[in-house]
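J.: Supplied structure: upload.cif, mmCIF, C-alpha atoms.
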data_target
#
loop_
_atom_site.label_atom_id
_atom_site.label_comp_id
_atom_site.auth_asym_id
_atom_site.auth_seq_id
_atom_site.Cartn_x
_atom_site.Cartn_y
_atom_site.Cartn_z
CA ARG H 1 -38.80 19.18 -6.54
CA GLY H 2 -41.58 18.87 -3.97
CA ASP H 3 -43.49 16.47 -6.22
CA ARG H 4 -40.49 14.14 -6.32
CA CYS H 5 -40.22 14.19 -2.53
CA ARG H 6 -43.86 13.12 -2.29
CA ALA H 7 -43.44 10.29 -4.81
CA PRO H 8 -44.35 6.86 -3.43
CA GLY H 9 -41.57 4.72 -2.00
CA THR H 10 -40.27 3.26 1.20
CA PRO H 11 -38.51 5.43 3.80
CA GLY H 12 -35.35 3.40 3.26
CA ALA H 13 -35.41 4.19 -0.46
CA HIS H 14 -35.82 7.88 0.30
CA ARG H 15 -32.87 7.81 2.70
CA LEU H 16 -30.71 6.00 0.12
CA ALA H 17 -31.66 8.51 -2.55
CA GLY H 18 -30.84 11.34 -0.16
CA ALA H 19 -27.41 9.84 0.62
CA GLU H 20 -26.63 9.40 -3.08
CA ALA H 21 -27.69 12.97 -3.74
CA ALA H 22 -25.44 14.21 -0.93
CA VAL H 23 -22.46 12.37 -2.37
CA SER H 24 -23.18 13.65 -5.85
CA LEU H 25 -23.27 17.18 -4.46
CA ARG H 26 -19.81 16.72 -2.99
CA ILE H 27 -18.10 15.01 -5.94
CA PRO H 28 -18.45 16.60 -9.40
CA GLY H 29 -19.67 14.15 -12.01
CA TYR H 30 -16.69 14.64 -14.33
CA LEU H 31 -14.39 13.13 -11.67
CA GLY H 32 -16.32 9.86 -11.58
CA THR H 33 -18.40 8.23 -8.86
CA PHE H 34 -17.23 7.66 -5.30
CA TRP H 35 -16.79 3.93 -5.93
CA GLU H 36 -14.80 4.50 -9.13
CA LEU H 37 -12.43 6.81 -7.28
CA LEU H 38 -12.14 4.32 -4.42
CA SER H 39 -11.37 1.45 -6.80
CA ASP H 40 -8.72 3.45 -8.68
CA HIS H 41 -7.10 4.65 -5.46
CA LEU H 42 -6.86 1.18 -3.92
CA VAL H 43 -5.63 -0.47 -7.13
CA MET H 44 -2.80 2.04 -7.48
CA ALA H 45 -1.81 2.16 -3.80
CA LEU H 46 -1.97 -1.58 -3.12
CA GLY H 47 -0.58 -2.49 -6.53
CA ALA H 48 2.48 -0.30 -5.95
CA SER H 49 2.99 -1.64 -2.42
CA PHE H 50 2.86 -5.32 -3.37
CA LEU H 51 4.94 -4.77 -6.50
CA GLY H 52 7.55 -3.14 -4.28
CA LEU H 53 7.40 -6.14 -1.96
CA LEU H 54 7.92 -8.56 -4.86
CA VAL H 55 11.09 -6.67 -5.79
CA ALA H 56 12.28 -6.13 -2.21
CA LEU H 57 12.14 -9.83 -1.23
CA PRO H 58 14.74 -11.10 -3.73
CA LEU H 59 16.90 -8.01 -3.21
CA GLY H 60 16.78 -8.57 0.54
CA LEU H 61 17.77 -12.20 0.08
CA VAL H 62 20.72 -11.13 -2.08
CA CYS H 63 21.82 -8.60 0.55
CA VAL H 64 21.71 -11.25 3.30
CA ARG H 65 23.50 -13.83 1.18
CA TRP H 66 26.19 -11.35 0.06
CA PRO H 67 26.41 -8.66 2.79
CA ARG H 68 28.71 -6.43 0.74
CA SER H 69 25.86 -5.83 -1.71
CA TYR H 70 23.63 -4.31 0.98
CA PRO H 71 25.19 -0.80 1.19
CA PRO H 72 25.04 -0.15 -2.59
CA VAL H 73 21.51 -1.57 -2.87
CA LEU H 74 20.39 0.62 0.02
CA ALA H 75 22.14 3.64 -1.50
CA VAL H 76 20.44 3.15 -4.87
CA SER H 77 17.01 2.76 -3.27
CA SER H 78 17.61 5.94 -1.25
CA VAL H 79 18.65 7.89 -4.34
CA LEU H 80 15.55 6.69 -6.23
CA TYR H 81 13.42 7.69 -3.24
CA SER H 82 14.78 11.24 -3.48
CA ILE H 83 13.44 11.73 -7.04
CA PRO H 84 10.36 14.01 -6.90
CA SER H 85 7.23 12.04 -7.67
CA LEU H 86 5.93 14.54 -10.21
CA ALA H 87 9.21 14.37 -12.15
CA PHE H 88 9.00 10.56 -12.05
CA PHE H 89 5.45 10.66 -13.43
CA VAL H 90 6.41 13.04 -16.24
CA LEU H 91 9.36 10.85 -17.28
CA LEU H 92 7.17 7.75 -17.43
CA ILE H 93 4.34 9.33 -19.41
CA ALA H 94 6.45 8.99 -22.57
CA PHE H 95 6.52 5.20 -22.07
CA THR H 96 3.32 4.28 -20.21
CA GLY H 97 1.04 7.19 -21.09
CA ILE H 98 -1.39 8.70 -18.60
CA SER H 99 -2.41 5.50 -16.89
CA ARG H 100 -2.42 3.70 -13.56
CA THR H 101 0.96 2.19 -14.44
CA THR H 102 2.51 5.66 -14.53
CA VAL H 103 1.54 6.10 -10.88
CA ILE H 104 2.15 2.53 -9.70
CA LEU H 105 5.76 2.20 -10.89
CA PRO H 106 7.23 5.24 -9.07
CA LEU H 107 5.36 4.40 -5.86
CA ALA H 108 6.69 0.84 -6.03
CA VAL H 109 10.22 2.22 -6.37
CA TYR H 110 9.68 4.53 -3.38
CA ALA H 111 8.43 1.58 -1.31
CA LEU H 112 11.79 -0.18 -1.76
CA ALA H 113 13.54 2.31 0.52
CA GLY H 114 11.51 1.04 3.46
CA LEU H 115 10.87 -2.56 2.44
CA ILE H 116 14.44 -3.67 1.70
CA PRO H 117 15.80 -2.81 5.20
CA ASN H 118 12.86 -4.59 6.83
CA VAL H 119 13.37 -7.72 4.73
CA VAL H 120 17.08 -7.72 5.52
CA ASP H 121 16.51 -7.13 9.25
CA GLY H 122 13.89 -9.87 9.36
CA LEU H 123 16.14 -12.43 7.68
CA ARG H 124 19.18 -11.45 9.74
CA GLY H 125 17.14 -11.82 12.91
CA ILE H 126 16.65 -15.57 12.42
CA PRO H 127 18.62 -17.44 15.12
CA ASP H 128 21.49 -19.44 13.71
CA SER H 129 20.39 -22.41 15.82
CA VAL H 130 17.08 -22.48 13.91
CA ARG H 131 18.87 -22.53 10.57
CA GLN H 132 21.23 -25.26 11.72
CA SER H 133 18.31 -27.35 12.94
CA ALA H 134 16.60 -27.04 9.57
CA ILE H 135 19.81 -28.06 7.79
CA ALA H 136 20.24 -31.03 10.15
CA MET H 137 16.70 -32.14 9.30
CA GLY H 138 17.66 -32.25 5.63
CA PHE H 139 15.83 -29.11 4.47
CA SER H 140 17.00 -27.90 1.06
CA GLY H 141 17.75 -24.21 0.54
CA PRO H 142 14.39 -23.32 -1.08
CA ARG H 143 12.44 -25.40 1.42
CA ARG H 144 14.25 -23.80 4.35
CA LEU H 145 13.58 -20.37 2.89
CA LEU H 146 9.85 -20.97 2.44
CA THR H 147 9.12 -22.92 5.63
CA VAL H 148 11.63 -21.48 8.12
CA ASP H 149 13.30 -18.21 7.09
CA LEU H 150 10.40 -16.26 5.57
CA PRO H 151 7.82 -17.21 8.23
CA ILE H 152 10.17 -16.08 11.01
CA ALA H 153 11.00 -12.86 9.12
CA LEU H 154 7.32 -12.22 8.36
CA PRO H 155 6.60 -9.76 11.24
CA ALA H 156 9.43 -7.47 10.10
CA VAL H 157 8.37 -7.76 6.45
CA ILE H 158 4.74 -6.94 7.25
CA ALA H 159 5.86 -4.00 9.38
CA GLY H 160 7.62 -2.58 6.32
CA LEU H 161 4.62 -3.35 4.13
CA ARG H 162 2.32 -1.49 6.53
CA VAL H 163 4.43 1.64 6.19
CA ALA H 164 4.55 1.28 2.40
CA VAL H 165 0.78 0.80 2.05
CA VAL H 166 -0.11 3.78 4.25
CA ALA H 167 2.45 5.99 2.49
CA ASN H 168 1.25 4.96 -0.96
CA ILE H 169 -2.40 5.56 -0.10
CA SER H 170 -1.35 9.13 0.58
CA MET H 171 1.09 9.44 -2.34
CA VAL H 172 -1.43 8.31 -4.96
CA SER H 173 -3.03 11.73 -4.55
CA VAL H 174 -0.03 13.36 -6.26
CA GLY H 175 -1.07 11.54 -9.42
CA ALA H 176 -3.91 14.07 -9.70
CA LEU H 177 -1.36 16.46 -11.24
CA ILE H 178 -1.26 14.20 -14.31
CA GLY H 179 -4.94 13.29 -14.18
CA MET H 180 -4.54 9.94 -12.36
CA GLY H 181 -4.90 10.80 -8.68
CA ALA H 182 -8.22 9.11 -7.79
CA PHE H 183 -9.27 10.90 -4.60
CA GLY H 184 -6.37 13.29 -5.11
CA SER H 185 -8.43 14.79 -7.94
CA LEU H 186 -10.73 16.19 -5.27
CA PHE H 187 -7.90 18.44 -4.10
CA THR H 188 -7.29 19.94 -7.54
CA ALA H 189 -11.05 20.30 -8.06
CA SER H 190 -11.29 21.99 -4.68
CA VAL H 191 -8.94 24.73 -5.88
CA GLN H 192 -10.47 25.02 -9.35
CA LEU H 193 -14.07 25.17 -8.11
CA ASP H 194 -13.34 27.02 -4.85
CA ARG H 195 -15.00 24.22 -2.85
CA LEU H 196 -13.36 23.41 0.45
CA ASP H 197 -15.76 20.51 1.03
CA LEU H 198 -14.08 18.52 -1.76
CA ALA H 199 -10.70 18.75 -0.04
CA LEU H 200 -12.25 17.76 3.29
CA VAL H 201 -13.95 14.72 1.74
CA GLY H 202 -10.68 13.68 0.06
CA ILE H 203 -8.70 13.98 3.30
CA ALA H 204 -11.31 12.07 5.30
CA VAL H 205 -11.56 9.20 2.80
CA ILE H 206 -7.78 8.85 2.44
CA VAL H 207 -7.27 8.79 6.22
CA VAL H 208 -9.99 6.16 6.65
CA MET H 209 -8.51 4.06 3.82
CA ALA H 210 -5.08 4.18 5.45
CA LEU H 211 -6.45 3.17 8.86
CA VAL H 212 -8.50 0.30 7.44
CA ALA H 213 -5.62 -0.99 5.29
CA ASP H 214 -3.26 -0.89 8.26
CA ALA H 215 -5.77 -2.73 10.45
CA VAL H 216 -6.21 -5.42 7.77
CA LEU H 217 -2.45 -5.98 7.58
CA VAL H 218 -2.25 -6.23 11.38
CA LEU H 219 -5.01 -8.85 11.26
CA VAL H 220 -3.22 -10.73 8.47
CA GLN H 221 -0.03 -10.79 10.52
CA TRP H 222 -1.95 -12.08 13.53
CA LEU H 223 -3.52 -14.87 11.45
CA VAL H 224 -0.35 -16.03 9.67
CA THR H 225 1.94 -15.98 12.73
CA PRO H 226 0.01 -18.04 15.31
CA TRP H 227 3.24 -19.22 16.97
CA LEU H 228 3.90 -15.67 18.17
CA HIS H 229 0.64 -15.68 20.14
CA ARG H 230 1.36 -19.08 21.62
CA SER H 231 4.83 -18.06 22.73
CA ALA H 232 3.48 -14.82 24.19
CA GLY H 233 0.85 -16.77 26.12
CA ALA H 234 3.45 -19.21 27.39
CA THR H 235 5.64 -16.41 28.76
CA ARG H 236 2.71 -15.08 30.73
#
What would the structure in this file look like if it were written as structure tokens?
T.:
Amino acid sequence: RGDRCRAPGTPGAHRLAGAEAAVSLRIPGYLGTFWELLSDHLVMALGASFLGLLVALPLGLVCVRWPRSYPPVLAVSSVLYSIPSLAFFVLLIAFTGISRTTVILPLAVYALAGLIPNVVDGLRGIPDSVRQSAIAMGFSGPRRLLTVDLPIALPAVIAGLRVAVVANISMVSVGALIGMGAFGSLFTASVQLDRLDLALVGIAVIVVMALVADAVLVLVQWLVTPWLHRSAGATR
């Protein structure tokens, strides 16, 4: 071991090797590398969140167009949200096997409970005068939706997406119970190997992922809604 430490190389290379060794000491090799776990975790969490958004947008539009459909849609999404995630995973294994899809689909369904109300609130919050102006200018329904309604509703939609993304980054860990939990596998390994450091690493990484993802969505909202900044500056 001492001979390897004295092997020729730059100080930077030694530091990099030391960092890699430290990580390998924390994460057992059978779980995969840090970057493999990170990739799996983000694919499942973000995939579920954006899949939920793709479903919530048309459902929200239906609920705004036909208000009587909103209570039953909301009730169904709430009932689906109450299904335990582990039971959902077990039911899907028969159809999708032990795969990312088995984790993504239930988390996308859970995201609907928060996304649908935000989409509906955002669309209902559009001033009627704005809609009438768009109609007077000859905007067709799809054009008005894409260029007027959705941009104005975007802050509420992104607010719901932020909650869904952060929640799913946490919920992916439950997938470890069926062997698809990414960083959640560190928690099960922590119990099996009696290593508290694995649980601490998993918690730290998941918290950092959630904070970074939320900050990225805040930045995206700031970039795609420049009129909000201009109006805020004008009021000052």
J.: Under the rule that all atoms listed in the file are counted, which of H:Tyr110, H:Trp66, H:Phe50, H:Phe183 is the nearest residue to Leu161 of chain H?
T.: H:Phe50
J.: Do you know which residues the PyMOL selection byres ((chain H and resi 60) around 9) returns on this file, as a PDB file with C-alpha atoms, in the frame of the given file?
T.:
ATOM      1  CA  VAL H  55      11.090  -6.670  -5.790  1.00  0.00           C
ATOM      2  CA  ALA H  56      12.280  -6.130  -2.210  1.00  0.00           C
ATOM      3  CA  LEU H  57      12.140  -9.830  -1.230  1.00  0.00           C
ATOM      4  CA  PRO H  58      14.740 -11.100  -3.730  1.00  0.00           C
ATOM      5  CA  LEU H  59      16.900  -8.010  -3.210  1.00  0.00           C
ATOM      6  CA  LEU H  61      17.770 -12.200   0.080  1.00  0.00           C
ATOM      7  CA  VAL H  62      20.720 -11.130  -2.080  1.00  0.00           C
ATOM      8  CA  CYS H  63      21.820  -8.600   0.550  1.00  0.00           C
ATOM      9  CA  VAL H  64      21.710 -11.250   3.300  1.00  0.00           C
ATOM     10  CA  ARG H  65      23.500 -13.830   1.180  1.00  0.00           C
ATOM     11  CA  TYR H  70      23.630  -4.310   0.980  1.00  0.00           C
ATOM     12  CA  LEU H 115      10.870  -2.560   2.440  1.00  0.00           C
ATOM     13  CA  ILE H 116      14.440  -3.670   1.700  1.00  0.00           C
ATOM     14  CA  PRO H 117      15.800  -2.810   5.200  1.00  0.00           C
ATOM     15  CA  ASN H 118      12.860  -4.590   6.830  1.00  0.00           C
ATOM     16  CA  VAL H 119      13.370  -7.720   4.730  1.00  0.00           C
ATOM     17  CA  VAL H 120      17.080  -7.720   5.520  1.00  0.00           C
ATOM     18  CA  ASP H 121      16.510  -7.130   9.250  1.00  0.00           C
ATOM     19  CA  LEU H 123      16.140 -12.430   7.680  1.00  0.00           C
TER      20      LEU H 123
END
J.: Smallest atom-to-atom distance to Thr102 of chain H: which of H:Ala176, H:Leu38, H:Leu54, H:Val130, using only C-alpha atoms?
T.: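 Among H:Ala176, H:Leu38, H:Leu54, H:Val130, it is H:Ala176 that comes nearest to Thr102 of chain H.
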J.: Tell me, in Å to one decimal, how far atom CA of Pro106 of chain H is from atom CA of Pro84 of chain H.
T.: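 If I compute the distance from atom CA of Pro106 of chain H to atom CA of Pro84 of chain H, I get 9.6 Å.
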J.: Taking the file as shown, what set of residues would the PyMOL selection byres ((chain H and resi 210) around 8) give back, as a PyMOL selection string?
T.: chain H and resi 165-166+169-170+206-209+211-214
J.: Exactly which residues make up the result of the PyMOL selection byres ((chain H and resi 43) around 12) on this file, given as a ChimeraX atom specification?
T.: /H:36-42,44-51,99-101,103-104,165,168-169,172,180-182
J.: Take atom CA of Ala167 of chain H and atom CA of Leu74 of chain H and report the distance between them in Å, one decimal.
T.: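 A separation of 18.9 Å between them.
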J.: Looking at H:Phe187, H:Phe89, H:Asp128, H:Val220, which one is nearest to Ala204 of chain H, with distances taken over only C-alpha atoms?
T.: H:Phe187
J.: Compare H:Leu107, H:Pro151, H:Leu31, H:Phe88 by their minimum atom-to-atom distance to Gly125 of chain H, counting all atoms listed in the file, and give me the closest one.
T.: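 The shortest atom-to-atom distance to Gly125 of chain H comes from H:Pro151.
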J.: Can you tell me how far atom CA of Val76 of chain H sits from atom CA of Ala108 of chain H, in Å to one decimal?
T.: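 Those two atoms sit 14.0 Å apart.
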J.: Using all atoms listed in the file - which residues lie no farther than 8 Å from the point (1.5, 14.5, -12.1) in the file's frame? Write them as a ChimeraX atom specification.
T.: /H:85-87,89-90,174-180
J.: Check the smallest atom-to-atom distance from each of H:Val109, H:Leu92, H:Ala189, H:Leu80 to Leu53 of chain H using all atoms listed in the file, then report the winner.
T.: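 Smallest distance to Leu53 of chain H is found for H:Val109.
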